[in-house]
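Structure data follow from run12.txt (compact mmCIF, C-alpha atoms):
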```txt
# COMPACT_ATOMS: atom_id res chain seq x y z
CA MET B 729 118.94 87.25 95.21
CA SER B 730 115.42 85.92 95.76
CA TYR B 731 113.01 87.34 98.33
CA LEU B 732 113.25 84.25 100.55
CA ASN B 733 116.35 82.11 100.21
CA ILE B 734 116.98 78.78 101.97
CA GLU B 735 120.44 77.24 101.74
CA GLY B 736 121.66 73.82 102.87
CA LEU B 737 118.89 73.50 105.46
CA ARG B 738 118.96 70.53 107.82
CA LEU B 739 116.61 69.96 110.72
CA SER B 740 116.13 66.90 112.92
CA TYR B 741 113.88 65.78 115.76
CA GLY B 742 116.20 63.72 117.92
CA LYS B 743 117.85 61.17 115.64
CA ARG B 744 115.25 61.57 112.87
CA THR B 745 116.23 63.97 110.12
CA VAL B 746 113.15 65.70 108.72
CA ILE B 747 114.76 68.16 106.30
CA ASP B 748 118.12 67.36 104.76
CA ASN B 749 120.33 69.74 102.76
CA LEU B 750 117.41 71.70 101.34
CA ASP B 751 117.99 74.57 98.93
CA LEU B 752 114.97 76.66 97.98
CA GLU B 753 114.15 80.12 96.61
CA ILE B 754 110.75 81.78 96.94
CA SER B 755 109.81 84.88 94.98
CA ALA B 756 108.07 87.95 96.34
CA GLY B 757 104.46 88.82 95.56
CA ARG B 758 103.28 85.26 94.94
CA ILE B 759 101.37 82.51 96.72
CA THR B 760 103.59 79.47 97.12
CA ALA B 761 102.11 76.18 98.31
CA LEU B 762 104.22 73.59 100.14
CA ILE B 763 102.82 70.17 99.22
CA GLY B 764 103.91 66.59 99.77
CA PRO B 765 103.00 63.44 101.69
CA ASN B 766 102.62 63.37 105.46
CA GLY B 767 105.94 63.63 107.27
CA CYS B 768 107.81 65.14 104.31
CA GLY B 769 108.77 68.29 106.24
CA LYS B 770 106.21 70.88 105.06
CA SER B 771 105.21 72.23 108.48
CA THR B 772 108.76 71.84 109.77
CA LEU B 773 110.03 74.00 106.92
CA LEU B 774 107.37 76.64 107.55
CA LYS B 775 108.20 76.75 111.27
CA THR B 776 111.88 77.12 110.43
CA ILE B 777 111.14 80.05 108.12
CA ALA B 778 109.14 81.59 110.99
CA ARG B 779 112.03 81.02 113.46
CA VAL B 780 109.92 78.72 115.63
CA LEU B 781 112.55 76.04 114.95
CA THR B 782 116.31 76.47 114.64
CA PRO B 783 118.08 74.36 112.01
CA GLN B 784 121.12 72.23 112.79
CA LYS B 785 122.66 73.37 109.52
CA GLY B 786 122.04 75.95 106.81
CA ARG B 787 120.32 79.29 106.89
CA VAL B 788 117.16 81.14 105.94
CA ARG B 789 117.54 84.62 104.48
CA LEU B 790 114.71 87.09 104.06
CA LYS B 791 115.60 90.05 101.83
CA SER B 792 119.25 88.92 102.04
CA GLN B 793 119.25 88.97 105.88
CA ASP B 794 119.72 85.80 107.94
CA ILE B 795 116.54 85.60 110.03
CA HIS B 796 118.28 83.73 112.85
CA LYS B 797 120.68 86.64 113.34
CA GLN B 798 117.93 89.23 113.79
CA ASP B 799 115.97 90.04 116.92
CA SER B 800 112.41 88.79 117.39
CA ARG B 801 110.82 92.23 117.13
CA THR B 802 112.45 92.93 113.76
CA ILE B 803 111.35 89.54 112.41
CA SER B 804 107.81 90.01 113.73
CA GLN B 805 107.59 93.25 111.74
CA GLN B 806 108.47 91.32 108.57
CA LEU B 807 106.63 88.00 108.77
CA ALA B 808 103.48 86.61 110.39
CA LEU B 809 102.68 82.96 111.07
CA LEU B 810 99.28 81.29 111.42
CA PRO B 811 100.06 77.85 112.92
CA GLN B 812 98.02 74.69 112.39
CA SER B 813 96.01 74.86 115.60
CA PRO B 814 96.36 78.28 117.23
CA ILE B 815 95.18 78.34 120.84
CA THR B 816 92.60 81.01 121.56
CA PRO B 817 93.12 82.50 125.05
CA GLU B 818 90.18 82.29 127.46
CA GLY B 819 88.41 85.53 128.28
CA VAL B 820 89.84 87.45 125.33
CA SER B 821 87.54 89.38 123.03
CA ILE B 822 87.85 89.19 119.26
CA ARG B 823 89.10 92.78 119.19
CA ASP B 824 91.77 92.00 121.81
CA LEU B 825 92.88 88.91 119.87
CA VAL B 826 93.27 90.92 116.68
CA GLY B 827 95.05 93.62 118.68
CA TYR B 828 97.82 91.16 119.51
CA GLY B 829 98.92 91.59 115.91
CA ARG B 830 100.05 95.12 116.77
CA ALA B 831 102.49 93.90 119.46
CA PRO B 832 105.63 94.15 117.26
CA TRP B 833 104.84 97.82 116.59
CA CYS B 834 103.84 98.94 120.09
CA GLY B 835 106.02 100.91 122.49
CA ARG B 836 107.57 99.74 125.73
CA TRP B 837 104.27 99.45 127.62
CA GLY B 838 102.48 97.55 124.88
CA ARG B 839 99.55 99.96 124.71
CA LEU B 840 97.72 100.45 121.44
CA SER B 841 97.73 103.95 120.03
CA SER B 842 94.74 105.44 118.25
CA ASN B 843 96.44 104.49 114.99
CA ASP B 844 96.83 100.89 116.20
CA GLU B 845 93.15 100.79 117.18
CA GLN B 846 92.18 101.97 113.71
CA ILE B 847 94.34 99.28 112.11
CA VAL B 848 92.58 96.65 114.26
CA THR B 849 89.17 98.00 113.25
CA ASP B 850 90.15 97.95 109.58
CA ALA B 851 91.34 94.33 109.90
CA LEU B 852 88.05 93.31 111.54
CA ASN B 853 86.11 94.98 108.75
CA GLN B 854 88.15 93.18 106.10
CA VAL B 855 87.26 89.73 107.50
CA GLY B 856 83.65 90.62 108.31
CA LEU B 857 83.90 90.40 112.11
CA ALA B 858 83.49 94.06 113.11
CA GLU B 859 79.99 93.52 114.48
CA LEU B 860 81.24 90.65 116.68
CA ALA B 861 84.35 92.44 117.91
CA ASP B 862 83.36 92.56 121.59
CA ARG B 863 82.36 88.90 121.85
CA PRO B 864 84.67 86.31 123.44
CA ALA B 865 86.97 84.82 120.80
CA THR B 866 86.31 81.34 122.20
CA ALA B 867 82.61 81.68 121.31
CA LEU B 868 83.34 81.79 117.57
CA SER B 869 82.67 78.95 115.14
CA GLY B 870 85.64 77.31 113.44
CA GLY B 871 85.32 79.42 110.31
CA GLN B 872 84.87 82.64 112.26
CA ARG B 873 87.85 81.81 114.45
CA GLN B 874 90.09 81.34 111.42
CA ARG B 875 88.91 84.71 110.13
CA ALA B 876 89.80 86.27 113.48
CA TRP B 877 93.33 84.86 113.27
CA ILE B 878 93.62 86.14 109.69
CA ALA B 879 92.54 89.56 110.99
CA MET B 880 95.33 89.41 113.55
CA ILE B 881 97.80 88.77 110.71
CA LEU B 882 96.31 91.69 108.79
CA ALA B 883 96.80 93.89 111.84
CA GLN B 884 100.43 92.77 112.09
CA GLN B 885 101.03 94.37 108.68
CA THR B 886 103.89 92.17 107.49
CA ASP B 887 104.92 91.67 103.88
CA LEU B 888 105.33 87.90 104.35
CA VAL B 889 102.50 85.66 105.62
CA LEU B 890 103.01 81.99 106.53
CA LEU B 891 99.91 79.76 106.78
CA ASP B 892 100.22 76.20 108.12
CA GLU B 893 97.30 74.06 106.92
CA PRO B 894 94.78 76.92 107.34
CA THR B 895 91.84 74.90 105.94
CA THR B 896 92.14 72.02 108.44
CA TRP B 897 88.85 71.28 110.27
CA LEU B 898 86.90 73.69 108.06
CA ASP B 899 83.94 72.61 105.94
CA ILE B 900 84.13 73.19 102.19
CA ASN B 901 82.31 76.53 102.36
CA HIS B 902 84.74 77.96 104.91
CA GLN B 903 87.72 76.43 103.09
CA ILE B 904 86.81 78.31 99.91
CA GLU B 905 86.14 81.49 101.91
CA LEU B 906 89.58 81.29 103.52
CA LEU B 907 91.37 80.54 100.25
CA GLN B 908 89.64 83.47 98.55
CA MET B 909 90.70 85.65 101.47
CA MET B 910 94.26 84.38 100.97
CA ARG B 911 94.11 85.52 97.35
CA ARG B 912 92.88 88.96 98.43
CA LEU B 913 95.81 89.23 100.84
CA ASN B 914 98.11 88.45 97.95
CA ASP B 915 96.37 90.99 95.72
CA SER B 916 97.08 93.60 98.41
CA GLY B 917 100.80 92.96 97.99
CA LYS B 918 101.61 90.24 100.51
CA THR B 919 103.85 87.27 99.77
CA ILE B 920 102.25 84.07 101.07
CA VAL B 921 103.69 80.64 101.79
CA VAL B 922 101.03 78.08 102.68
CA VAL B 923 101.00 74.39 103.58
CA LEU B 924 98.08 72.64 101.90
CA HIS B 925 96.99 69.00 101.74
CA ASP B 926 94.30 69.42 99.08
CA LEU B 927 96.25 69.26 95.83
CA ASN B 928 93.44 70.64 93.69
CA GLN B 929 93.08 73.66 95.99
CA ALA B 930 96.85 74.20 95.85
CA CYS B 931 96.75 74.19 92.03
CA ARG B 932 93.74 76.49 91.86
CA TYR B 933 94.64 79.15 94.43
CA CYS B 934 98.46 79.21 94.36
CA ASP B 935 100.91 80.61 91.83
CA GLU B 936 103.69 78.13 92.54
CA LEU B 937 104.08 74.66 94.03
CA VAL B 938 107.03 73.47 96.11
CA VAL B 939 106.90 69.67 96.21
CA LEU B 940 108.70 68.02 99.13
CA GLN B 941 109.48 64.35 99.68
CA HIS B 942 111.60 62.86 102.45
CA GLY B 943 112.70 66.34 103.46
CA GLN B 944 114.06 67.24 100.06
CA LEU B 945 112.87 69.32 97.12
CA GLN B 946 111.40 67.16 94.36
CA SER B 947 109.94 69.82 92.11
CA GLN B 948 109.09 73.51 92.01
CA GLY B 949 107.14 75.60 89.54
CA ALA B 950 103.76 76.76 88.31
CA PRO B 951 101.00 74.15 88.74
CA ALA B 952 100.39 73.98 84.97
CA ASP B 953 104.08 73.23 84.41
CA ILE B 954 104.87 70.59 87.03
CA PHE B 955 101.62 69.00 88.25
CA THR B 956 101.61 65.81 86.16
CA PRO B 957 100.48 62.19 86.60
CA GLN B 958 104.14 61.22 86.88
CA LEU B 959 104.74 63.61 89.76
CA VAL B 960 101.59 62.49 91.60
CA SER B 961 102.59 58.85 91.18
CA SER B 962 106.20 59.25 92.31
CA VAL B 963 105.53 61.56 95.26
CA PHE B 964 102.10 60.49 96.51
CA ASP B 965 101.97 56.91 95.16
CA VAL B 966 98.61 57.63 93.52
CA GLN B 967 97.65 56.82 89.95
CA ALA B 968 95.75 59.76 88.53
CA GLU B 969 94.74 61.71 85.49
CA ILE B 970 95.26 65.47 85.36
CA HIS B 971 92.51 67.50 83.71
CA ARG B 972 91.91 71.21 83.18
CA ASP B 973 89.48 72.76 85.65
CA PRO B 974 86.58 74.12 83.55
CA VAL B 975 86.20 77.21 85.76
CA SER B 976 89.73 78.24 86.79
CA GLY B 977 91.71 76.51 84.06
CA SER B 978 94.07 75.08 86.69
CA PRO B 979 95.21 71.43 86.73
CA THR B 980 92.79 69.11 88.55
CA LEU B 981 93.63 65.65 89.84
CA VAL B 982 91.26 62.75 89.24
CA ALA B 983 92.39 59.61 91.06
CA LEU B 984 92.06 56.31 89.19
CA ASP B 985 90.55 53.21 90.77
```
Can I see the file as structure tokens?
Amino acid sequence: MSYLNIEGLRLSYGKRTVIDNLDLEISAGRITALIGPNGCGKSTLLKTIARVLTPQKGRVRLKSQDIHKQDSRTISQQLALLPQSPITPEGVSIRDLVGYGRAPWCGRWGRLSSNDEQIVTDALNQVGLAELADRPATALSGGQRQRAWIAMILAQQTDLVLLDEPTTWLDINHQIELLQMMRRLNDSGKTIVVVLHDLNQACRYCDELVVLQHGQLQSQGAPADIFTPQLVSSVFDVQAEIHRDPVSGSPTLVALD
């Protein structure tokens, strides 16, 4: 049995079916990128894994357990989700925002213990925000804000991390910073599933690609094995050459005129 197992998944918005009879297995300890054209079901799949959405059919099992049959607290101790556009509460400090990650582990009154406070401090140090911890979270730049949300996920201390388009709205410098941070999270033992639009970034920073089209699985495997001109043409309708990145050795797409 795989770490994360999806069987016969179907999910619709009204009369529009977004994911249809999807079977998928994701291994532990790897970074898996969900890629595909707009509207193919990437974010919908991630939200279903996170229990934000409930499928009409099929099931999602994490470590052999159906996630939709477990209580929210148990699931929150196992997986963390960074959505596309998280809303930062007004009047909340960076430290308080990161502290929300400890909620699944707190007692009845929701108060942080000294151990919880230390975990929050450690998370802030890891993302380089410790010196800004008492500032309002809304005063952060886009890159800093993403780091604060990553710190909250660190504080949540889950084995599985779900990231939905984490590089959106970030400039190239902050995109690379976030992707490198994602790799460090993986190196620390976390399994990561991430939705990415930049195909070259997906090939460079991720161990495995899951290619979706029309809500179904088209291909899955290591970038070097499956990322081909034929796949890019059939899924994205783009004519391209695939070259070897001179630095990372990963496949790199060059679109043809």
Proximity to Gly819 of chain B - best of B:Arg863, B:Arg932, B:Arg758, B:Lys770, all atoms listed in the file: B:Arg863
Smallest atom-to-atom distance to Trp833 of chain B: which of B:Ser962, B:Gln806, B:Ile954, B:Asn853, using all atoms listed in the file?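 Using all atoms listed in the file, the shortest distance to Trp833 of chain B belongs to B:Gln806.
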Tell me, as a count of residues only, which residues lie within 9 Å of Thr956 of chain B, counting all atoms listed in the file; anything in the same chain fewer than 2 positions away does not count. 13
Could you give me, as a Markdown table, a per-residue list for segment 773-795 of chain B showing, wherever an atom lies at most 10 Å from an atom of segment 911-925 of chain B, the closest pair of atoms and their distance in Å to one decimal, using all atoms listed in the file and sorting by chain then residue number from low to high?
```
| residue | atom | partner | partner_atom | distance |
| --- | --- | --- | --- | --- |
| B:Leu773 | CA | B:Val923 | CA | 9.6 |
| B:Leu774 | CA | B:Val923 | CA | 7.8 |
| B:Ile777 | CA | B:Val921 | CA | 9.8 |
```
So that I can see what lies close to Leu750 of chain B, please list as a list in words the residues with an atom at most 9 Å from it, counting all atoms listed in the file and leaving out residues fewer than 5 positions away in the same chain.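 Skipping anything fewer than 5 positions along the chain leaves Ile734, Glu735, Gly736, Leu737, Arg738, Gly786, Gly943, Gln944 and Leu945 of chain B.
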Rank B:Val746, B:Leu809, B:Met910, B:Leu890 by their smallest atom-to-atom distance to Asn766 of chain B, using only C-alpha atoms, and report the top residue only. B:Val746
From the set B:Ser755, B:Ser792, B:Ser976, B:Ser821, which residue has the shortest atom-to-atom contact distance to Ala865 of chain B, counting all atoms listed in the file?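 Of the candidates, the smallest distance to Ala865 of chain B is held by B:Ser821.
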Let me make sure I understand: among B:Ser947, B:Ala867, B:Lys775, B:Val982, which one has the smallest atom-to-atom distance to Gln812 of chain B if we use all atoms listed in the file?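 Nearest to Gln812 of chain B: B:Lys775.
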What does the distance from atom CA of Asp935 of chain B to atom CA of Ser978 of chain B come to in Å, to one decimal? 10.2 Å
Report, as lines of an AutoDock Vina configuration file, the centre and edge lengths in Å (one decimal) of the axis-aligned box enclosing every listed atom of segment 760-766 of chain B, padded by 4 Å on each side.
```
center_x = 103.2
center_y = 71.4
center_z = 101.3
size_x = 10.1
size_y = 24.1
size_z = 16.3
```
Find, counting all atoms listed in the file, the residue in B:Pro974, B:Pro832, B:Gly870, B:Gly949 that gets nearest to Ser813 of chain B. B:Gly870
Neighbouring residues of Thr760 of chain B were defined as those with any atom within 6 Å, considering only C-alpha atoms; residues of the same chain fewer than 4 positions away were excluded. Please report them as JSON, numbers by chain. {"B": [921, 934, 936, 937]}
Anything within 10 Å of (98.6, 91.0, 120.0): list those residues as number ranges by chain, counting only C-alpha atoms and sticking to the file's coordinates. B: 823-834, 838, 840, 880-881, 883-884
Please return as an mmCIF file with C-alpha atoms, keeping the file's coordinate frame every residue within 6 Å of (114.6, 84.8, 101.2), taking into account all atoms listed in the file and the file's own coordinates.
```
data_model
loop_
_atom_site.group_PDB
_atom_site.id
_atom_site.type_symbol
_atom_site.label_atom_id
_atom_site.label_comp_id
_atom_site.auth_asym_id
_atom_site.auth_seq_id
_atom_site.Cartn_x
_atom_site.Cartn_y
_atom_site.Cartn_z
ATOM 1 C CA SER B 730 115.420 85.920 95.760
ATOM 2 C CA TYR B 731 113.010 87.340 98.330
ATOM 3 C CA LEU B 732 113.250 84.250 100.550
ATOM 4 C CA ASN B 733 116.350 82.110 100.210
ATOM 5 C CA ARG B 789 117.540 84.620 104.480
ATOM 6 C CA LEU B 790 114.710 87.090 104.060
ATOM 7 C CA LYS B 791 115.600 90.050 101.830
#
```
Could you please determine the separation between atom CA of Thr980 of chain B and atom CA of Asn928 of chain B in Å, to one decimal place? 5.4 Å
If you measure from atom CA of Trp897 of chain B to atom CA of Gln874 of chain B, what distance in Å do you get, rounded to one decimal? 10.2 Å
